[in-house]
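To start, the structure under review is shown below, and the notes come after it.
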Amino acid sequence: MLPKSKVDLYAAIRRDSRAGLSGRALERKYGVGFRTVQKALSSAWPEPRKKLRPRATRLDPFKPLIDQMLRADLDAPRKQRHTVKRIFDRLVDEHGADEISYQMVRGYVASRREEIRIEAGRGTVDAFGPQTHKPGAEAEVDFGDVTVRLAGELVTCYLFAFRLSYSGKAVHRIFASAGQEAFFEGHVHALNVLGGVPTGKVRYDNLRAAVAQVLGFSRQRVEADRWTAFRSHYVHVPVSSLVAPSPVMASTVA
């Protein structure tokens, strides 16, 4: 059976080459040419396909005009901005674009409008922040309600989850209440199972059981004394404040 993908093909060629098959034998076995065999032996990852140049369309001569209208919309009142139909009508009436279709204009405007906003510094750019974690350094904790069927009846319980960020190893425990005692017991159980305390940060998605007071409009959290003592027992470094606007709150540990 031939490999399903080009990556699989390259892997099979490299494997058979290490087993002693000659270049000619590899060409016959996999039905490929000399260059494919050489590329597979030089790199385990196939070269990306070259992107073809976009084909010319009847809309190309009018794209600068559409861009000009979209740029003018950046400073125009909301109700005076161009709709796709308005752009299409202007191209036909003012510029003699009789050979273009409404669908062509709509497709171009759908992608180009946001690009122009980004070029002008008014749009949102898709971005991501890569996450890296050191082994044993960070963890995440969640403590929330779950519904389980107990003795044939649906019952609301509370699930404590402690997950190491690097390995993904997680420890779970379910409780009948969401009290502070259950919150602490979940930590004790997780740390005993894992065999230690993370050396970096533990991030909390729900830290209500450790908060004694929320301060006014700032929404800052004051930690409960029992939580401070609990963290101190496990060599946690105290945190001056826990800020509310973000649902994820971090507690630094030594």
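Ordered as shown in the structure tokens, chains take letters A, B, and onward, while each chain numbers its residues from 1 and ligands are numbered from 1 in the order shown.
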
When DSSP is applied to the backbone of this structure, which of segment 30-151 of chain A are assigned helix (DSSP H, G or I)? Write them out as a compact mmCIF listing (two decimals) with C-alpha atoms, in the first residue's frame.
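New file out-v7.txt:
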# COMPACT_ATOMS: atom_id res chain seq x y z
CA TYR A 30 7.02 4.13 -4.84
CA PHE A 34 14.91 10.72 -9.03
CA ARG A 35 14.30 14.26 -7.70
CA THR A 36 11.56 13.12 -5.29
CA VAL A 37 13.86 10.47 -3.82
CA GLN A 38 16.67 13.00 -3.40
CA LYS A 39 14.35 15.53 -1.74
CA ALA A 40 13.05 12.88 0.65
CA LEU A 41 16.58 11.87 1.63
CA SER A 42 17.67 15.47 2.18
CA ASP A 60 -8.93 44.40 -11.34
CA PRO A 61 -9.06 47.83 -13.05
CA PHE A 62 -11.73 48.96 -10.58
CA LYS A 63 -10.10 47.76 -7.36
CA PRO A 64 -8.27 51.06 -6.72
CA LEU A 65 -11.62 52.86 -7.02
CA ILE A 66 -13.22 50.49 -4.51
CA ASP A 67 -10.28 50.97 -2.13
CA GLN A 68 -10.71 54.74 -2.41
CA MET A 69 -14.39 54.48 -1.45
CA LEU A 70 -13.60 52.21 1.50
CA ARG A 71 -10.91 54.58 2.76
CA ALA A 72 -13.35 57.49 2.54
CA ASP A 73 -15.76 55.47 4.70
CA ARG A 78 -22.11 55.54 9.89
CA LYS A 79 -25.23 56.06 7.78
CA GLN A 80 -23.23 57.60 4.92
CA VAL A 84 -21.76 46.89 -1.41
CA LYS A 85 -24.73 47.83 -3.60
CA ARG A 86 -23.79 51.50 -3.47
CA ILE A 87 -20.22 50.67 -4.52
CA PHE A 88 -21.48 48.48 -7.35
CA ASP A 89 -23.92 51.14 -8.57
CA ARG A 90 -21.22 53.83 -8.56
CA LEU A 91 -18.84 51.64 -10.54
CA VAL A 92 -21.49 51.03 -13.16
CA ASP A 93 -22.93 54.57 -13.32
CA GLU A 94 -19.75 56.63 -12.89
CA HIS A 95 -17.05 54.42 -14.38
CA TYR A 102 -22.44 42.35 -8.02
CA GLN A 103 -21.03 39.08 -6.65
CA MET A 104 -17.50 40.05 -7.74
CA VAL A 105 -17.75 43.36 -5.89
CA ARG A 106 -19.26 41.77 -2.80
CA GLY A 107 -16.48 39.17 -2.54
CA TYR A 108 -13.74 41.79 -2.87
CA VAL A 109 -15.31 44.22 -0.39
CA ALA A 110 -15.84 41.44 2.17
CA SER A 111 -12.09 40.85 2.45
CA ARG A 112 -10.74 44.29 1.60
CA ARG A 113 -12.80 46.43 4.00
CA GLU A 114 -11.15 45.04 7.13
CA GLU A 115 -7.70 45.09 5.51
CA ILE A 116 -8.07 48.82 4.88
CA ARG A 117 -9.13 49.38 8.49
CA ILE A 118 -6.00 47.55 9.67
CA GLU A 119 -3.78 49.52 7.28

- Task: Write out as a PyMOL selection string the residues lying within 6 Å of Glu138 of chain A, counting only C-alpha atoms and excluding same-chain residues fewer than 3 positions away.
- Result: chain A and resi 165+198+200-202

Generate a file of the selected residues that holds C-alpha atoms, formatted as a short mmCIF file (atom, residue, chain, number, x, y, z; two decimals), in the first residue's frame.
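selection_38.cif was written with the following content:
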data_model
loop_
_atom_site.label_atom_id
_atom_site.label_comp_id
_atom_site.auth_asym_id
_atom_site.auth_seq_id
_atom_site.Cartn_x
_atom_site.Cartn_y
_atom_site.Cartn_z
CA SER A 165 0.69 23.43 32.80
CA PRO A 198 4.77 23.96 41.67
CA GLY A 200 6.33 29.04 39.76
CA LYS A 201 2.68 30.12 39.60
CA VAL A 202 -0.69 28.58 40.30
#

- Message: as a VMD selection string, please: the residues near segment 180-188 of chain A (cut-off 8 Å, only C-alpha atoms, same-chain neighbours under 5 positions excluded).
- Response: chain A and resid 143 160 to 162 172 to 173 175 209 to 210 230

Selection to disk with C-alpha atoms, as a PDB file, in the first residue's frame:
ATOM      1  CA  PHE A 143     -13.297  24.780  41.348  1.00  0.00           C
ATOM      2  CA  PHE A 160     -11.830  20.577  42.144  1.00  0.00           C
ATOM      3  CA  ALA A 161      -9.294  20.286  39.311  1.00  0.00           C
ATOM      4  CA  PHE A 162      -5.537  20.856  39.673  1.00  0.00           C
ATOM      5  CA  HIS A 172      -9.541  15.841  40.286  1.00  0.00           C
ATOM      6  CA  ARG A 173     -11.714  15.511  43.363  1.00  0.00           C
ATOM      7  CA  PHE A 175     -17.144  17.453  46.808  1.00  0.00           C
ATOM      8  CA  ALA A 209     -13.220  30.337  48.604  1.00  0.00           C
ATOM      9  CA  ALA A 210      -9.969  32.213  49.351  1.00  0.00           C
ATOM     10  CA  PHE A 230      -2.710  27.609  54.117  1.00  0.00           C
TER      11      PHE A 230
END

- Query: Which residues, written as an MDAnalysis selection string, have at least one atom at most 9 Å from segment 45-52 of chain A, with only C-alpha atoms counted and residues fewer than 2 positions away on the same chain left out?
  - Reply: chainID A and resid 6:7 10:11 39:40 43 54:55

Selection to disk with all heavy atoms, as a PDB file, in the first residue's frame:
ATOM      1  N   LYS A   6       2.356  13.070   1.430  1.00  0.00           N
ATOM      2  CA  LYS A   6       3.736  13.268   1.004  1.00  0.00           C
ATOM      3  C   LYS A   6       4.690  13.111   2.177  1.00  0.00           C
ATOM      4  O   LYS A   6       5.819  12.639   2.012  1.00  0.00           O
ATOM      5  CB  LYS A   6       3.885  14.662   0.383  1.00  0.00           C
ATOM      6  CG  LYS A   6       5.049  14.765  -0.583  1.00  0.00           C
ATOM      7  CD  LYS A   6       4.962  16.024  -1.410  1.00  0.00           C
ATOM      8  CE  LYS A   6       6.056  16.032  -2.485  1.00  0.00           C
ATOM      9  NZ  LYS A   6       5.970  17.244  -3.330  1.00  0.00           N
ATOM     10  N   VAL A   7       4.254  13.494   3.357  1.00  0.00           N
ATOM     11  CA  VAL A   7       5.096  13.307   4.540  1.00  0.00           C
ATOM     12  C   VAL A   7       5.312  11.822   4.788  1.00  0.00           C
ATOM     13  O   VAL A   7       6.435  11.374   5.083  1.00  0.00           O
ATOM     14  CB  VAL A   7       4.446  13.972   5.775  1.00  0.00           C
ATOM     15  CG1 VAL A   7       5.257  13.685   7.022  1.00  0.00           C
ATOM     16  CG2 VAL A   7       4.314  15.470   5.561  1.00  0.00           C
ATOM     17  N   TYR A  10       7.777  10.511   2.180  1.00  0.00           N
ATOM     18  CA  TYR A  10       9.161  10.837   2.501  1.00  0.00           C
ATOM     19  C   TYR A  10       9.682   9.945   3.624  1.00  0.00           C
ATOM     20  O   TYR A  10      10.822   9.476   3.584  1.00  0.00           O
ATOM     21  CB  TYR A  10       9.251  12.306   2.923  1.00  0.00           C
ATOM     22  CG  TYR A  10       9.393  13.270   1.774  1.00  0.00           C
ATOM     23  CD1 TYR A  10       8.807  12.998   0.533  1.00  0.00           C
ATOM     24  CD2 TYR A  10      10.098  14.463   1.896  1.00  0.00           C
ATOM     25  CE1 TYR A  10       8.919  13.881  -0.531  1.00  0.00           C
ATOM     26  CE2 TYR A  10      10.224  15.350   0.834  1.00  0.00           C
ATOM     27  CZ  TYR A  10       9.626  15.061  -0.371  1.00  0.00           C
ATOM     28  OH  TYR A  10       9.743  15.926  -1.423  1.00  0.00           O
ATOM     29  N   ALA A  11       8.836   9.712   4.640  1.00  0.00           N
ATOM     30  CA  ALA A  11       9.252   8.868   5.763  1.00  0.00           C
ATOM     31  C   ALA A  11       9.526   7.441   5.302  1.00  0.00           C
ATOM     32  O   ALA A  11      10.501   6.805   5.737  1.00  0.00           O
ATOM     33  CB  ALA A  11       8.181   8.885   6.850  1.00  0.00           C
ATOM     34  N   LYS A  39      14.955  14.587  -2.682  1.00  0.00           N
ATOM     35  CA  LYS A  39      14.353  15.529  -1.739  1.00  0.00           C
ATOM     36  C   LYS A  39      13.965  14.839  -0.439  1.00  0.00           C
ATOM     37  O   LYS A  39      14.126  15.397   0.650  1.00  0.00           O
ATOM     38  CB  LYS A  39      13.127  16.187  -2.370  1.00  0.00           C
ATOM     39  CG  LYS A  39      13.450  17.184  -3.472  1.00  0.00           C
ATOM     40  CD  LYS A  39      12.181  17.793  -4.042  1.00  0.00           C
ATOM     41  CE  LYS A  39      12.496  18.808  -5.137  1.00  0.00           C
ATOM     42  NZ  LYS A  39      11.254  19.397  -5.723  1.00  0.00           N
ATOM     43  N   ALA A  40      13.441  13.615  -0.550  1.00  0.00           N
ATOM     44  CA  ALA A  40      13.051  12.879   0.650  1.00  0.00           C
ATOM     45  C   ALA A  40      14.262  12.546   1.513  1.00  0.00           C
ATOM     46  O   ALA A  40      14.191  12.588   2.741  1.00  0.00           O
ATOM     47  CB  ALA A  40      12.316  11.603   0.252  1.00  0.00           C
ATOM     48  N   SER A  43      15.516  15.926   3.270  1.00  0.00           N
ATOM     49  CA  SER A  43      14.655  16.586   4.246  1.00  0.00           C
ATOM     50  C   SER A  43      13.450  15.705   4.555  1.00  0.00           C
ATOM     51  O   SER A  43      12.837  15.151   3.642  1.00  0.00           O
ATOM     52  CB  SER A  43      14.176  17.940   3.712  1.00  0.00           C
ATOM     53  OG  SER A  43      13.238  18.534   4.595  1.00  0.00           O
ATOM     54  N   PRO A  54      -2.627  35.123  -8.308  1.00  0.00           N
ATOM     55  CA  PRO A  54      -4.078  35.222  -8.554  1.00  0.00           C
ATOM     56  C   PRO A  54      -4.358  35.567 -10.009  1.00  0.00           C
ATOM     57  O   PRO A  54      -3.672  36.391 -10.617  1.00  0.00           O
ATOM     58  CB  PRO A  54      -4.528  36.347  -7.611  1.00  0.00           C
ATOM     59  CG  PRO A  54      -3.281  37.117  -7.289  1.00  0.00           C
ATOM     60  CD  PRO A  54      -2.160  36.129  -7.335  1.00  0.00           C
ATOM     61  N   ARG A  55      -5.380  34.924 -10.545  1.00  0.00           N
ATOM     62  CA  ARG A  55      -5.730  35.176 -11.943  1.00  0.00           C
ATOM     63  C   ARG A  55      -6.336  36.569 -12.105  1.00  0.00           C
ATOM     64  O   ARG A  55      -7.033  37.062 -11.224  1.00  0.00           O
ATOM     65  CB  ARG A  55      -6.737  34.129 -12.420  1.00  0.00           C
ATOM     66  CG  ARG A  55      -6.171  32.716 -12.485  1.00  0.00           C
ATOM     67  CD  ARG A  55      -7.196  31.776 -13.098  1.00  0.00           C
ATOM     68  NE  ARG A  55      -8.439  31.777 -12.340  1.00  0.00           N
ATOM     69  CZ  ARG A  55      -9.549  31.167 -12.740  1.00  0.00           C
ATOM     70  NH1 ARG A  55      -9.567  30.525 -13.901  1.00  0.00           N
ATOM     71  NH2 ARG A  55     -10.641  31.204 -11.989  1.00  0.00           N
TER      72      ARG A  55
END

- Apply DSSP to the backbone of this structure and, from segment 101-196 of chain A, keep only the residues in strand (DSSP E); write these as a ChimeraX atom specification. /A:139-150,153-164,170-175

Could you write those residues out with N, CA and C atoms, as a CSV table (one decimal), in the first residue's frame?
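What ended up in result33.csv:
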chain,number,residue,atom,x,y,z
A,139,ALA,N,0.9,25.7,37.4
A,139,ALA,CA,-0.3,24.9,37.4
A,139,ALA,C,-1.6,25.8,37.3
A,140,GLU,N,-2.7,25.1,37.0
A,140,GLU,CA,-4.0,25.8,37.0
A,140,GLU,C,-5.0,25.1,37.8
A,141,VAL,N,-5.8,25.9,38.5
A,141,VAL,CA,-6.8,25.3,39.4
A,141,VAL,C,-8.2,25.9,39.0
A,142,ASP,N,-9.2,25.0,39.0
A,142,ASP,CA,-10.6,25.3,38.8
A,142,ASP,C,-11.4,24.6,39.8
A,143,PHE,N,-12.4,25.4,40.3
A,143,PHE,CA,-13.3,24.8,41.3
A,143,PHE,C,-14.7,25.3,41.0
A,144,GLY,N,-15.5,24.4,40.4
A,144,GLY,CA,-16.8,24.8,40.0
A,144,GLY,C,-17.8,23.7,40.1
A,145,ASP,N,-19.1,24.0,39.9
A,145,ASP,CA,-20.2,23.1,40.1
A,145,ASP,C,-20.3,22.2,38.8
A,146,VAL,N,-20.7,20.9,39.1
A,146,VAL,CA,-21.0,19.9,38.1
A,146,VAL,C,-22.3,19.2,38.5
A,147,THR,N,-23.0,18.7,37.5
A,147,THR,CA,-24.2,17.9,37.8
A,147,THR,C,-24.0,16.5,37.6
A,148,VAL,N,-24.2,15.6,38.6
A,148,VAL,CA,-24.0,14.2,38.4
A,148,VAL,C,-25.3,13.5,38.8
A,149,ARG,N,-25.4,12.3,38.3
A,149,ARG,CA,-26.6,11.4,38.6
A,149,ARG,C,-26.2,10.5,39.8
A,150,LEU,N,-26.8,10.7,41.0
A,150,LEU,CA,-26.5,10.0,42.2
A,150,LEU,C,-27.7,9.3,42.7
A,153,GLU,N,-30.8,10.2,40.8
A,153,GLU,CA,-31.2,11.6,40.8
A,153,GLU,C,-30.1,12.6,40.4
A,154,LEU,N,-30.4,13.7,39.8
A,154,LEU,CA,-29.4,14.7,39.4
A,154,LEU,C,-29.1,15.5,40.6
A,155,VAL,N,-27.8,15.6,41.0
A,155,VAL,CA,-27.4,16.3,42.1
A,155,VAL,C,-26.2,17.2,41.7
A,156,THR,N,-26.3,18.4,42.3
A,156,THR,CA,-25.2,19.4,42.0
A,156,THR,C,-24.1,19.2,43.0
A,157,CYS,N,-22.9,18.9,42.4
A,157,CYS,CA,-21.7,18.7,43.2
A,157,CYS,C,-20.6,19.8,42.8
A,158,TYR,N,-19.4,19.7,43.4
A,158,TYR,CA,-18.4,20.7,43.0
A,158,TYR,C,-17.1,19.9,42.8
A,159,LEU,N,-16.5,20.2,41.6
A,159,LEU,CA,-15.3,19.5,41.1
A,159,LEU,C,-14.1,20.4,41.3
A,160,PHE,N,-13.1,19.9,42.0
A,160,PHE,CA,-11.8,20.6,42.1
A,160,PHE,C,-10.9,19.9,41.1
A,161,ALA,N,-10.2,20.8,40.3
A,161,ALA,CA,-9.3,20.3,39.3
A,161,ALA,C,-8.0,21.0,39.4
A,162,PHE,N,-6.9,20.3,39.6
A,162,PHE,CA,-5.5,20.9,39.7
A,162,PHE,C,-4.7,20.3,38.5
A,163,ARG,N,-4.3,21.1,37.6
A,163,ARG,CA,-3.6,20.7,36.4
A,163,ARG,C,-2.2,21.3,36.2
A,164,LEU,N,-1.2,20.5,36.0
A,164,LEU,CA,0.1,21.0,35.7
A,164,LEU,C,0.2,21.6,34.3
A,170,ALA,N,-3.3,16.0,35.5
A,170,ALA,CA,-4.3,16.6,36.3
A,170,ALA,C,-4.8,15.7,37.4
A,171,VAL,N,-5.2,16.3,38.5
A,171,VAL,CA,-5.8,15.6,39.7
A,171,VAL,C,-7.2,16.2,39.9
A,172,HIS,N,-8.2,15.4,40.1
A,172,HIS,CA,-9.5,15.8,40.3
A,172,HIS,C,-10.1,15.2,41.6
A,173,ARG,N,-11.0,16.0,42.2
A,173,ARG,CA,-11.7,15.5,43.4
A,173,ARG,C,-13.1,16.2,43.4
A,174,ILE,N,-14.1,15.5,43.7
A,174,ILE,CA,-15.4,16.0,43.7
A,174,ILE,C,-15.9,16.1,45.2
A,175,PHE,N,-16.7,17.2,45.5
A,175,PHE,CA,-17.1,17.5,46.8
A,175,PHE,C,-18.6,17.7,46.8

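Nearest-residue note for Gly136 of chain A: choosing from A:Pro77, A:Gly168, A:Gly96, A:Gly179, the minimum distance belongs to A:Gly168, counting only C-alpha atoms.
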
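Distances here use only C-alpha atoms; by that measure, the residue among A:Ala151, A:Ala229, A:Val32, A:Leu207 closest to Ala178 of chain A is A:Leu207.
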
- Expressed in Å to a single decimal, how great is the separation between atom CA of Arg58 of chain A and atom CA of Asp98 of chain A?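 The value is 9.9 Å.
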